[in-house]
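K.L.:
Input structure: coords_30.cif, which contains mmCIF, N, CA and C atoms and all ligand atoms.
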data_target
loop_
_atom_site.label_atom_id
_atom_site.label_comp_id
_atom_site.auth_asym_id
_atom_site.auth_seq_id
_atom_site.Cartn_x
_atom_site.Cartn_y
_atom_site.Cartn_z
N MET A 1 0.84 -1.21 0.00
CA MET A 1 0.00 0.00 0.00
C MET A 1 0.87 1.25 0.00
N SER A 2 0.42 2.25 -0.74
CA SER A 2 1.21 3.47 -0.82
C SER A 2 1.05 4.30 0.46
N TYR A 3 1.95 5.23 0.61
CA TYR A 3 1.94 6.11 1.78
C TYR A 3 0.60 6.84 1.89
N LEU A 4 0.09 7.34 0.76
CA LEU A 4 -1.19 8.05 0.76
C LEU A 4 -2.34 7.15 1.21
N MET A 5 -2.37 5.93 0.65
CA MET A 5 -3.42 4.99 1.01
C MET A 5 -3.38 4.65 2.50
N GLU A 6 -2.15 4.50 3.00
CA GLU A 6 -1.98 4.20 4.42
C GLU A 6 -2.58 5.31 5.28
N ARG A 7 -2.29 6.54 4.89
CA ARG A 7 -2.79 7.67 5.67
C ARG A 7 -4.32 7.76 5.61
N VAL A 8 -4.89 7.50 4.41
CA VAL A 8 -6.35 7.55 4.27
C VAL A 8 -6.99 6.45 5.12
N SER A 9 -6.36 5.26 5.10
CA SER A 9 -6.88 4.15 5.91
C SER A 9 -6.86 4.52 7.40
N TYR A 10 -5.78 5.15 7.79
CA TYR A 10 -5.64 5.57 9.18
C TYR A 10 -6.76 6.55 9.54
N LEU A 11 -7.00 7.51 8.62
CA LEU A 11 -8.05 8.50 8.83
C LEU A 11 -9.42 7.83 8.91
N LYS A 12 -9.65 6.84 8.04
CA LYS A 12 -10.92 6.09 8.07
C LYS A 12 -11.09 5.41 9.41
N GLY A 13 -9.98 4.81 9.89
CA GLY A 13 -10.01 4.13 11.19
C GLY A 13 -10.38 5.10 12.29
N LEU A 14 -9.82 6.30 12.24
CA LEU A 14 -10.11 7.32 13.25
C LEU A 14 -11.58 7.70 13.24
N THR A 15 -12.12 7.93 12.02
CA THR A 15 -13.53 8.34 11.94
C THR A 15 -14.44 7.20 12.38
N ASP A 16 -14.06 5.94 12.04
CA ASP A 16 -14.86 4.80 12.50
C ASP A 16 -14.89 4.75 14.04
N GLY A 17 -13.73 5.04 14.63
CA GLY A 17 -13.60 5.00 16.08
C GLY A 17 -14.45 6.06 16.78
N LEU A 18 -14.75 7.13 16.04
CA LEU A 18 -15.53 8.21 16.65
C LEU A 18 -16.99 7.84 16.82
N GLU A 19 -17.42 6.78 16.12
CA GLU A 19 -18.82 6.35 16.16
C GLU A 19 -19.77 7.52 15.97
N PHE A 20 -19.62 8.11 14.77
CA PHE A 20 -20.46 9.26 14.42
C PHE A 20 -21.94 8.93 14.46
N ASP A 21 -22.69 9.93 14.72
CA ASP A 21 -24.12 9.87 14.46
C ASP A 21 -24.25 10.30 12.99
N ASN A 22 -24.37 9.32 12.11
CA ASN A 22 -24.30 9.60 10.67
C ASN A 22 -25.44 10.48 10.13
N SER A 23 -26.37 10.77 10.96
CA SER A 23 -27.48 11.60 10.49
C SER A 23 -27.16 13.10 10.60
N THR A 24 -26.09 13.44 11.37
CA THR A 24 -25.76 14.87 11.49
C THR A 24 -25.08 15.37 10.22
N LYS A 25 -25.29 16.65 9.91
CA LYS A 25 -24.69 17.26 8.73
C LYS A 25 -23.17 17.21 8.80
N GLU A 26 -22.62 17.48 9.99
CA GLU A 26 -21.16 17.48 10.16
C GLU A 26 -20.57 16.11 9.84
N ALA A 27 -21.24 15.08 10.34
CA ALA A 27 -20.74 13.71 10.11
C ALA A 27 -20.78 13.38 8.62
N LYS A 28 -21.86 13.80 7.95
CA LYS A 28 -21.98 13.53 6.51
C LYS A 28 -20.85 14.20 5.74
N VAL A 29 -20.56 15.47 6.09
CA VAL A 29 -19.48 16.19 5.41
C VAL A 29 -18.14 15.50 5.65
N LEU A 30 -17.89 15.17 6.90
CA LEU A 30 -16.61 14.56 7.26
C LEU A 30 -16.42 13.21 6.57
N LEU A 31 -17.47 12.39 6.58
CA LEU A 31 -17.39 11.06 5.95
C LEU A 31 -17.22 11.18 4.43
N GLU A 32 -17.91 12.18 3.86
CA GLU A 32 -17.78 12.41 2.42
C GLU A 32 -16.35 12.83 2.09
N MET A 33 -15.77 13.66 2.94
CA MET A 33 -14.39 14.10 2.71
C MET A 33 -13.41 12.92 2.78
N VAL A 34 -13.62 12.06 3.75
CA VAL A 34 -12.76 10.87 3.87
C VAL A 34 -12.90 10.00 2.63
N SER A 35 -14.15 9.86 2.15
CA SER A 35 -14.41 9.06 0.96
C SER A 35 -13.72 9.66 -0.27
N ILE A 36 -13.81 10.99 -0.40
CA ILE A 36 -13.16 11.67 -1.53
C ILE A 36 -11.64 11.49 -1.46
N LEU A 37 -11.09 11.66 -0.24
CA LEU A 37 -9.64 11.47 -0.08
C LEU A 37 -9.23 10.06 -0.49
N SER A 38 -10.07 9.09 -0.14
CA SER A 38 -9.78 7.71 -0.50
C SER A 38 -9.77 7.54 -2.02
N ASP A 39 -10.77 8.17 -2.69
CA ASP A 39 -10.81 8.12 -4.16
C ASP A 39 -9.56 8.76 -4.76
N PHE A 40 -9.17 9.90 -4.21
CA PHE A 40 -7.97 10.58 -4.70
C PHE A 40 -6.73 9.70 -4.55
N ALA A 41 -6.61 9.10 -3.36
CA ALA A 41 -5.44 8.26 -3.11
C ALA A 41 -5.39 7.10 -4.10
N GLU A 42 -6.57 6.50 -4.37
CA GLU A 42 -6.62 5.39 -5.33
C GLU A 42 -6.26 5.85 -6.74
N ALA A 43 -6.83 7.02 -7.12
CA ALA A 43 -6.56 7.56 -8.46
C ALA A 43 -5.07 7.85 -8.62
N ILE A 44 -4.46 8.40 -7.58
CA ILE A 44 -3.04 8.73 -7.66
C ILE A 44 -2.20 7.45 -7.74
N GLU A 45 -2.64 6.43 -6.99
CA GLU A 45 -1.92 5.16 -7.02
C GLU A 45 -1.98 4.55 -8.43
N ASP A 46 -3.18 4.61 -9.05
CA ASP A 46 -3.33 4.10 -10.42
C ASP A 46 -2.44 4.88 -11.39
N LEU A 47 -2.45 6.19 -11.25
CA LEU A 47 -1.62 7.04 -12.11
C LEU A 47 -0.15 6.68 -11.96
N ASP A 48 0.24 6.46 -10.70
CA ASP A 48 1.62 6.12 -10.39
C ASP A 48 2.02 4.82 -11.10
N ASP A 49 1.10 3.84 -11.06
CA ASP A 49 1.35 2.56 -11.74
C ASP A 49 1.51 2.78 -13.24
N GLU A 50 0.58 3.58 -13.79
CA GLU A 50 0.61 3.83 -15.24
C GLU A 50 1.89 4.55 -15.66
N VAL A 51 2.29 5.53 -14.85
CA VAL A 51 3.52 6.26 -15.15
C VAL A 51 4.71 5.29 -15.10
N GLY A 52 4.69 4.39 -14.12
CA GLY A 52 5.74 3.39 -14.01
C GLY A 52 5.83 2.52 -15.25
N GLU A 53 4.64 2.09 -15.73
CA GLU A 53 4.60 1.26 -16.93
C GLU A 53 5.10 2.03 -18.15
N LEU A 54 4.65 3.29 -18.25
CA LEU A 54 5.10 4.14 -19.36
C LEU A 54 6.62 4.32 -19.33
N ASP A 55 7.14 4.46 -18.12
CA ASP A 55 8.57 4.65 -17.94
C ASP A 55 9.34 3.43 -18.46
N GLU A 56 8.82 2.24 -18.10
CA GLU A 56 9.45 1.01 -18.57
C GLU A 56 9.37 0.91 -20.09
N TYR A 57 8.18 1.25 -20.60
CA TYR A 57 7.97 1.21 -22.05
C TYR A 57 8.94 2.15 -22.77
N LEU A 58 9.09 3.35 -22.18
CA LEU A 58 9.97 4.34 -22.77
C LEU A 58 11.42 3.87 -22.77
N ASP A 59 11.83 3.22 -21.68
CA ASP A 59 13.17 2.65 -21.61
C ASP A 59 13.40 1.63 -22.72
N ALA A 60 12.36 0.78 -22.92
CA ALA A 60 12.46 -0.25 -23.97
C ALA A 60 12.56 0.39 -25.34
N VAL A 61 11.75 1.44 -25.58
CA VAL A 61 11.79 2.14 -26.87
C VAL A 61 13.15 2.80 -27.06
N ASP A 62 13.67 3.36 -25.97
CA ASP A 62 14.96 4.03 -26.03
C ASP A 62 16.07 3.05 -26.40
N GLU A 63 16.02 1.86 -25.79
CA GLU A 63 17.01 0.83 -26.10
C GLU A 63 16.91 0.39 -27.56
N ASP A 64 15.65 0.20 -28.01
CA ASP A 64 15.44 -0.19 -29.41
C ASP A 64 15.99 0.87 -30.35
N LEU A 65 15.77 2.13 -29.97
CA LEU A 65 16.24 3.23 -30.80
C LEU A 65 17.77 3.25 -30.87
N ASP A 66 18.41 2.98 -29.74
CA ASP A 66 19.87 2.89 -29.71
C ASP A 66 20.36 1.81 -30.67
N ASP A 67 19.71 0.63 -30.58
CA ASP A 67 20.08 -0.48 -31.47
C ASP A 67 19.92 -0.08 -32.92
N LEU A 68 18.79 0.61 -33.19
CA LEU A 68 18.50 1.02 -34.57
C LEU A 68 19.54 2.02 -35.06
N GLU A 69 19.93 2.96 -34.19
CA GLU A 69 20.94 3.95 -34.54
C GLU A 69 22.27 3.28 -34.85
N ASP A 70 22.65 2.33 -33.95
CA ASP A 70 23.90 1.60 -34.17
C ASP A 70 23.86 0.91 -35.53
N PHE A 71 22.74 0.27 -35.79
CA PHE A 71 22.56 -0.47 -37.04
C PHE A 71 22.67 0.46 -38.24
N VAL A 72 21.95 1.58 -38.19
CA VAL A 72 21.93 2.52 -39.32
C VAL A 72 23.33 3.11 -39.55
N TYR A 73 24.00 3.55 -38.47
CA TYR A 73 25.31 4.17 -38.65
C TYR A 73 26.35 3.16 -39.12
N GLU A 74 26.26 1.94 -38.59
CA GLU A 74 27.19 0.90 -39.04
C GLU A 74 26.99 0.61 -40.52
N GLU A 75 25.70 0.54 -40.91
CA GLU A 75 25.37 0.30 -42.32
C GLU A 75 25.98 1.39 -43.19
N GLU A 76 25.83 2.64 -42.72
CA GLU A 76 26.37 3.76 -43.50
C GLU A 76 27.87 3.62 -43.67
N GLU A 77 28.57 3.36 -42.56
CA GLU A 77 30.02 3.22 -42.62
C GLU A 77 30.41 2.08 -43.56
N PHE A 78 29.63 1.04 -43.45
CA PHE A 78 29.94 -0.15 -44.21
C PHE A 78 29.67 0.05 -45.71
N GLU A 79 28.60 0.74 -46.00
CA GLU A 79 28.16 0.80 -47.39
C GLU A 79 28.93 1.78 -48.28
N PHE A 80 29.38 2.89 -47.67
CA PHE A 80 30.00 3.90 -48.52
C PHE A 80 31.41 4.26 -48.09
N ASP A 81 32.17 4.57 -49.08
CA ASP A 81 33.52 5.02 -48.85
C ASP A 81 33.68 6.22 -49.78
N GLU A 82 34.37 7.25 -49.28
CA GLU A 82 34.51 8.42 -50.15
C GLU A 82 35.85 8.40 -50.86
N VAL A 83 35.82 8.68 -52.13
CA VAL A 83 37.03 8.69 -52.95
C VAL A 83 37.08 9.99 -53.73
N GLU A 84 38.27 10.56 -53.80
CA GLU A 84 38.39 11.80 -54.56
C GLU A 84 38.92 11.48 -55.96
N CYS A 85 38.26 12.02 -56.98
CA CYS A 85 38.71 11.82 -58.35
C CYS A 85 40.05 12.53 -58.54
N PRO A 86 41.10 11.80 -59.00
CA PRO A 86 42.42 12.43 -59.18
C PRO A 86 42.45 13.46 -60.32
N TYR A 87 41.44 13.47 -61.16
CA TYR A 87 41.42 14.39 -62.30
C TYR A 87 40.70 15.70 -61.99
N CYS A 88 39.49 15.58 -61.42
CA CYS A 88 38.73 16.81 -61.19
C CYS A 88 38.47 17.11 -59.71
N GLY A 89 38.87 16.17 -58.83
CA GLY A 89 38.71 16.42 -57.40
C GLY A 89 37.31 16.16 -56.88
N GLU A 90 36.44 15.66 -57.74
CA GLU A 90 35.07 15.34 -57.31
C GLU A 90 35.10 14.24 -56.24
N ILE A 91 34.30 14.41 -55.18
CA ILE A 91 34.20 13.37 -54.15
C ILE A 91 33.12 12.36 -54.59
N LEU A 92 33.54 11.11 -54.69
CA LEU A 92 32.61 10.07 -55.14
C LEU A 92 32.31 9.10 -53.99
N ASN A 93 31.06 8.72 -53.87
CA ASN A 93 30.68 7.72 -52.86
C ASN A 93 30.78 6.34 -53.49
N ILE A 94 31.62 5.50 -52.88
CA ILE A 94 31.83 4.16 -53.41
C ILE A 94 31.04 3.15 -52.58
N ASP A 95 30.26 2.39 -53.21
CA ASP A 95 29.45 1.36 -52.56
C ASP A 95 30.36 0.22 -52.09
N SER A 96 30.00 -0.40 -50.96
CA SER A 96 30.82 -1.51 -50.45
C SER A 96 30.81 -2.70 -51.41
N ASP A 97 29.81 -2.74 -52.27
CA ASP A 97 29.73 -3.83 -53.25
C ASP A 97 30.61 -3.56 -54.48
N PHE A 98 31.27 -2.40 -54.48
CA PHE A 98 32.06 -2.00 -55.66
C PHE A 98 33.12 -3.05 -56.02
N PHE A 99 33.85 -3.51 -55.02
CA PHE A 99 34.87 -4.54 -55.28
C PHE A 99 34.28 -5.93 -55.16
N GLU A 100 34.68 -6.78 -56.08
CA GLU A 100 34.29 -8.19 -55.95
C GLU A 100 35.13 -8.78 -54.82
N ASP A 101 34.77 -9.92 -54.31
CA ASP A 101 35.55 -10.58 -53.25
C ASP A 101 36.98 -10.83 -53.72
N GLY A 102 37.97 -10.38 -52.94
CA GLY A 102 39.37 -10.62 -53.28
C GLY A 102 39.92 -9.70 -54.35
N GLU A 103 39.09 -8.80 -54.87
CA GLU A 103 39.54 -7.88 -55.91
C GLU A 103 40.27 -6.71 -55.25
N CYS A 104 41.53 -6.45 -55.71
CA CYS A 104 42.32 -5.43 -55.04
C CYS A 104 42.30 -4.07 -55.74
N GLU A 105 41.95 -4.07 -57.00
CA GLU A 105 41.81 -2.79 -57.69
C GLU A 105 40.79 -2.90 -58.81
N LYS A 106 40.19 -1.77 -59.15
CA LYS A 106 39.13 -1.80 -60.15
C LYS A 106 39.06 -0.43 -60.82
N GLU A 107 38.74 -0.46 -62.10
CA GLU A 107 38.59 0.81 -62.83
C GLU A 107 37.30 1.50 -62.43
N LEU A 108 37.42 2.83 -62.33
CA LEU A 108 36.25 3.60 -61.97
C LEU A 108 36.13 4.77 -62.94
N VAL A 109 34.95 5.03 -63.40
CA VAL A 109 34.71 6.16 -64.30
C VAL A 109 34.10 7.30 -63.48
N CYS A 110 34.78 8.44 -63.46
CA CYS A 110 34.25 9.59 -62.72
C CYS A 110 33.00 10.10 -63.44
N PRO A 111 31.90 10.21 -62.74
CA PRO A 111 30.66 10.66 -63.38
C PRO A 111 30.69 12.15 -63.75
N LYS A 112 31.66 12.88 -63.19
CA LYS A 112 31.70 14.32 -63.47
C LYS A 112 32.56 14.63 -64.69
N CYS A 113 33.83 14.09 -64.69
CA CYS A 113 34.73 14.42 -65.79
C CYS A 113 34.91 13.26 -66.77
N ASN A 114 34.30 12.11 -66.46
CA ASN A 114 34.36 10.92 -67.31
C ASN A 114 35.74 10.34 -67.49
N GLU A 115 36.73 10.76 -66.66
CA GLU A 115 38.06 10.16 -66.71
C GLU A 115 37.99 8.80 -66.01
N VAL A 116 38.85 7.88 -66.49
CA VAL A 116 38.88 6.55 -65.87
C VAL A 116 40.12 6.46 -64.98
N PHE A 117 39.97 5.99 -63.77
CA PHE A 117 41.13 5.78 -62.91
C PHE A 117 40.97 4.49 -62.13
N ILE A 118 42.12 4.02 -61.59
CA ILE A 118 42.11 2.75 -60.86
C ILE A 118 41.92 3.02 -59.38
N LEU A 119 41.01 2.31 -58.79
CA LEU A 119 40.75 2.45 -57.37
C LEU A 119 41.30 1.23 -56.64
N ASP A 120 42.12 1.48 -55.58
CA ASP A 120 42.66 0.37 -54.79
C ASP A 120 41.69 0.02 -53.68
N ASN A 121 41.57 -1.26 -53.44
CA ASN A 121 40.75 -1.73 -52.33
C ASN A 121 41.58 -1.67 -51.05
N ASP A 122 41.23 -0.75 -50.14
CA ASP A 122 41.99 -0.56 -48.89
C ASP A 122 42.12 -1.85 -48.09
N GLU A 123 41.04 -2.56 -47.95
CA GLU A 123 41.05 -3.80 -47.15
C GLU A 123 42.03 -4.80 -47.72
N CYS A 124 42.09 -4.86 -49.03
CA CYS A 124 42.98 -5.78 -49.72
C CYS A 124 44.44 -5.43 -49.42
N ASP A 125 44.79 -4.13 -49.52
CA ASP A 125 46.16 -3.69 -49.24
C ASP A 125 46.58 -4.06 -47.83
N GLU A 126 45.69 -3.82 -46.87
CA GLU A 126 46.01 -4.09 -45.46
C GLU A 126 46.30 -5.58 -45.25
N SER A 127 45.45 -6.43 -45.83
CA SER A 127 45.65 -7.85 -45.61
C SER A 127 46.93 -8.35 -46.28
N GLU A 128 47.30 -7.74 -47.43
CA GLU A 128 48.54 -8.11 -48.10
C GLU A 128 49.76 -7.73 -47.25
N GLU A 129 49.70 -6.55 -46.64
CA GLU A 129 50.81 -6.09 -45.81
C GLU A 129 51.04 -7.03 -44.63
N ILE A 130 49.93 -7.50 -44.07
CA ILE A 130 50.04 -8.40 -42.92
C ILE A 130 50.74 -9.72 -43.35
N ILE A 131 50.41 -10.20 -44.55
CA ILE A 131 51.01 -11.44 -45.03
C ILE A 131 52.51 -11.25 -45.28
N GLU A 132 52.89 -10.11 -45.89
CA GLU A 132 54.30 -9.84 -46.16
C GLU A 132 55.02 -9.58 -44.85
ZN ZN B 1 36.59 13.42 -62.14
#
As structure tokens, please, write out the structure in this file.
P.N.:
Amino acid sequence: MSYLMERVSYLKGLTDGLEFDNSTKEAKVLLEMVSILSDFAEAIEDLDDEVGELDEYLDAVDEDLDDLEDFVYEEEEFEFDEVECPYCGEILNIDSDFFEDGECEKELVCPKCNEVFILDNDECDESEEIIE
């Protein structure tokens, strides 16, 4: 039981102990007030539960969003590589699928100046250096 509910219960116990004459106007007002306080305490307790659930839900969404961000940014890093055209200086985005497996260099046509140049596969160079 929440602190509020405990206090309302205590108050109810006190009023019960007074053995009111329930027909008096004062007793009716007092009992109605205790009843309203009890409703408030219950409503607040329900709200508190709902906020707690929302909080958990939000944490879960936040975690999912983190995963999604990691996934998206990793994909971006993985998918594109920037290369500068040696002829006109245009920055070209190279798809990760550009090189075939094990292919260390490949001709590339610059879409801006139409010059052809050879692009080295960075990963290939690194693995060759390790072997040598
Ligand atoms: Zn170019």
K.L.:
Within 6 Å of ligand ZN 1 (chain B), which residues show up when you count only N, CA and C atoms and all ligand atoms? List them as JSON, numbers by chain, please.
P.N.:
{"A": [85, 86, 87, 88, 89, 90, 110, 111, 112, 113, 114, 115]}
K.L.:
List every residue of segment 52-126 of chain A that DSSP, applied to the backbone of this structure, assigns to strand (DSSP E or B), and report them as a PDB file with N, CA and C atoms, in the frame of the given file.
P.N.:
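As a result, part.pdb now contains:
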ATOM      1  N   PHE A  80      29.380   2.890 -47.670  1.00  0.00           N
ATOM      2  CA  PHE A  80      30.000   3.900 -48.520  1.00  0.00           C
ATOM      3  C   PHE A  80      31.410   4.260 -48.090  1.00  0.00           C
ATOM      4  N   ASP A  81      32.170   4.570 -49.080  1.00  0.00           N
ATOM      5  CA  ASP A  81      33.520   5.020 -48.850  1.00  0.00           C
ATOM      6  C   ASP A  81      33.680   6.220 -49.780  1.00  0.00           C
ATOM      7  N   GLU A  82      34.370   7.250 -49.280  1.00  0.00           N
ATOM      8  CA  GLU A  82      34.510   8.420 -50.150  1.00  0.00           C
ATOM      9  C   GLU A  82      35.850   8.400 -50.860  1.00  0.00           C
ATOM     10  N   VAL A  83      35.820   8.680 -52.130  1.00  0.00           N
ATOM     11  CA  VAL A  83      37.030   8.690 -52.950  1.00  0.00           C
ATOM     12  C   VAL A  83      37.080   9.990 -53.730  1.00  0.00           C
ATOM     13  N   GLU A  84      38.270  10.560 -53.800  1.00  0.00           N
ATOM     14  CA  GLU A  84      38.390  11.800 -54.560  1.00  0.00           C
ATOM     15  C   GLU A  84      38.920  11.480 -55.960  1.00  0.00           C
ATOM     16  N   ILE A  91      34.300  14.410 -55.180  1.00  0.00           N
ATOM     17  CA  ILE A  91      34.200  13.370 -54.150  1.00  0.00           C
ATOM     18  C   ILE A  91      33.120  12.360 -54.590  1.00  0.00           C
ATOM     19  N   LEU A  92      33.540  11.110 -54.690  1.00  0.00           N
ATOM     20  CA  LEU A  92      32.610  10.070 -55.140  1.00  0.00           C
ATOM     21  C   LEU A  92      32.310   9.100 -53.990  1.00  0.00           C
ATOM     22  N   ASN A  93      31.060   8.720 -53.870  1.00  0.00           N
ATOM     23  CA  ASN A  93      30.680   7.720 -52.860  1.00  0.00           C
ATOM     24  C   ASN A  93      30.780   6.340 -53.490  1.00  0.00           C
ATOM     25  N   ILE A  94      31.620   5.500 -52.880  1.00  0.00           N
ATOM     26  CA  ILE A  94      31.830   4.160 -53.410  1.00  0.00           C
ATOM     27  C   ILE A  94      31.040   3.150 -52.580  1.00  0.00           C
ATOM     28  N   ASP A  95      30.260   2.390 -53.210  1.00  0.00           N
ATOM     29  CA  ASP A  95      29.450   1.360 -52.560  1.00  0.00           C
ATOM     30  C   ASP A  95      30.360   0.220 -52.090  1.00  0.00           C
ATOM     31  N   GLU A 105      41.950  -4.070 -57.000  1.00  0.00           N
ATOM     32  CA  GLU A 105      41.810  -2.790 -57.690  1.00  0.00           C
ATOM     33  C   GLU A 105      40.790  -2.900 -58.810  1.00  0.00           C
ATOM     34  N   LYS A 106      40.190  -1.770 -59.150  1.00  0.00           N
ATOM     35  CA  LYS A 106      39.130  -1.800 -60.150  1.00  0.00           C
ATOM     36  C   LYS A 106      39.060  -0.430 -60.820  1.00  0.00           C
ATOM     37  N   GLU A 107      38.740  -0.460 -62.100  1.00  0.00           N
ATOM     38  CA  GLU A 107      38.590   0.810 -62.830  1.00  0.00           C
ATOM     39  C   GLU A 107      37.300   1.500 -62.430  1.00  0.00           C
ATOM     40  N   LEU A 108      37.420   2.830 -62.330  1.00  0.00           N
ATOM     41  CA  LEU A 108      36.250   3.600 -61.970  1.00  0.00           C
ATOM     42  C   LEU A 108      36.130   4.770 -62.940  1.00  0.00           C
ATOM     43  N   VAL A 109      34.950   5.030 -63.400  1.00  0.00           N
ATOM     44  CA  VAL A 109      34.710   6.160 -64.300  1.00  0.00           C
ATOM     45  C   VAL A 109      34.100   7.300 -63.480  1.00  0.00           C
ATOM     46  N   VAL A 116      38.850   7.880 -66.490  1.00  0.00           N
ATOM     47  CA  VAL A 116      38.880   6.550 -65.870  1.00  0.00           C
ATOM     48  C   VAL A 116      40.120   6.460 -64.980  1.00  0.00           C
ATOM     49  N   PHE A 117      39.970   5.990 -63.770  1.00  0.00           N
ATOM     50  CA  PHE A 117      41.130   5.780 -62.910  1.00  0.00           C
ATOM     51  C   PHE A 117      40.970   4.490 -62.130  1.00  0.00           C
ATOM     52  N   ILE A 118      42.120   4.020 -61.590  1.00  0.00           N
ATOM     53  CA  ILE A 118      42.110   2.750 -60.860  1.00  0.00           C
ATOM     54  C   ILE A 118      41.920   3.020 -59.380  1.00  0.00           C
ATOM     55  N   LEU A 119      41.010   2.310 -58.790  1.00  0.00           N
ATOM     56  CA  LEU A 119      40.750   2.450 -57.370  1.00  0.00           C
ATOM     57  C   LEU A 119      41.300   1.230 -56.640  1.00  0.00           C
ATOM     58  N   ASP A 120      42.120   1.480 -55.580  1.00  0.00           N
ATOM     59  CA  ASP A 120      42.660   0.370 -54.790  1.00  0.00           C
ATOM     60  C   ASP A 120      41.690   0.020 -53.680  1.00  0.00           C
TER      61      ASP A 120
END
K.L.:
To one decimal place in Å, what is the distance between atom CA of Cys124 of chain A and atom CA of Val72 of chain A?
P.N.:
24.9 Å
K.L.:
Mind giving me the straight-line distance from atom CA of Asp95 of chain A to atom CA of Leu119 of chain A in Å, one decimal?
P.N.:
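Atom CA of Asp95 of chain A sits 12.3 Å away from atom CA of Leu119 of chain A.
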K.L.:
Taking the DSSP secondary structure from the backbone, can you list the residues of segment 21-130 of chain A that are alpha helix (DSSP H), as JSON, numbers by chain?
P.N.:
{"A": [25, 26, 27, 28, 29, 30, 31, 32, 33, 34, 35, 36, 37, 38, 39, 40, 41, 42, 43, 44, 45, 46, 47, 48, 49, 50, 51, 52, 53, 54, 55, 56, 57, 58, 59, 60, 61, 62, 63, 64, 65, 66, 67, 68, 69, 70, 71, 72, 73, 74, 75, 76, 77, 78, 79, 122, 123, 124, 125, 126, 127, 128, 129, 130]}
K.L.:
Interatomic distance between atom N of Glu107 of chain A and atom CA of Asn121 of chain A?
P.N.:
10.1 Å
K.L.:
So that each row is one residue of segment 29-84 of chain A with an atom at most 12 Å from segment 19-22 of chain A, can you give its shortest atom pair and the distance in Å to one decimal, using only C-alpha atoms, rows by chain and rising number, as JSON lines?
P.N.:
{"residue": "A:Val29", "atom": "CA", "partner": "A:Asn22", "partner_atom": "CA", "distance": 9.7}
{"residue": "A:Leu30", "atom": "CA", "partner": "A:Phe20", "partner_atom": "CA", "distance": 9.7}
{"residue": "A:Leu31", "atom": "CA", "partner": "A:Asn22", "partner_atom": "CA", "distance": 8.5}
{"residue": "A:Glu32", "atom": "CA", "partner": "A:Asn22", "partner_atom": "CA", "distance": 10.9}
K.L.:
Could you tell me which of A:Glu6, A:Asp49, A:Asp120, A:Asp97 comes closest to Leu37 of chain A if we count only C-alpha atoms?
P.N.:
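For Leu37 of chain A, the nearest of the candidates is A:Glu6.
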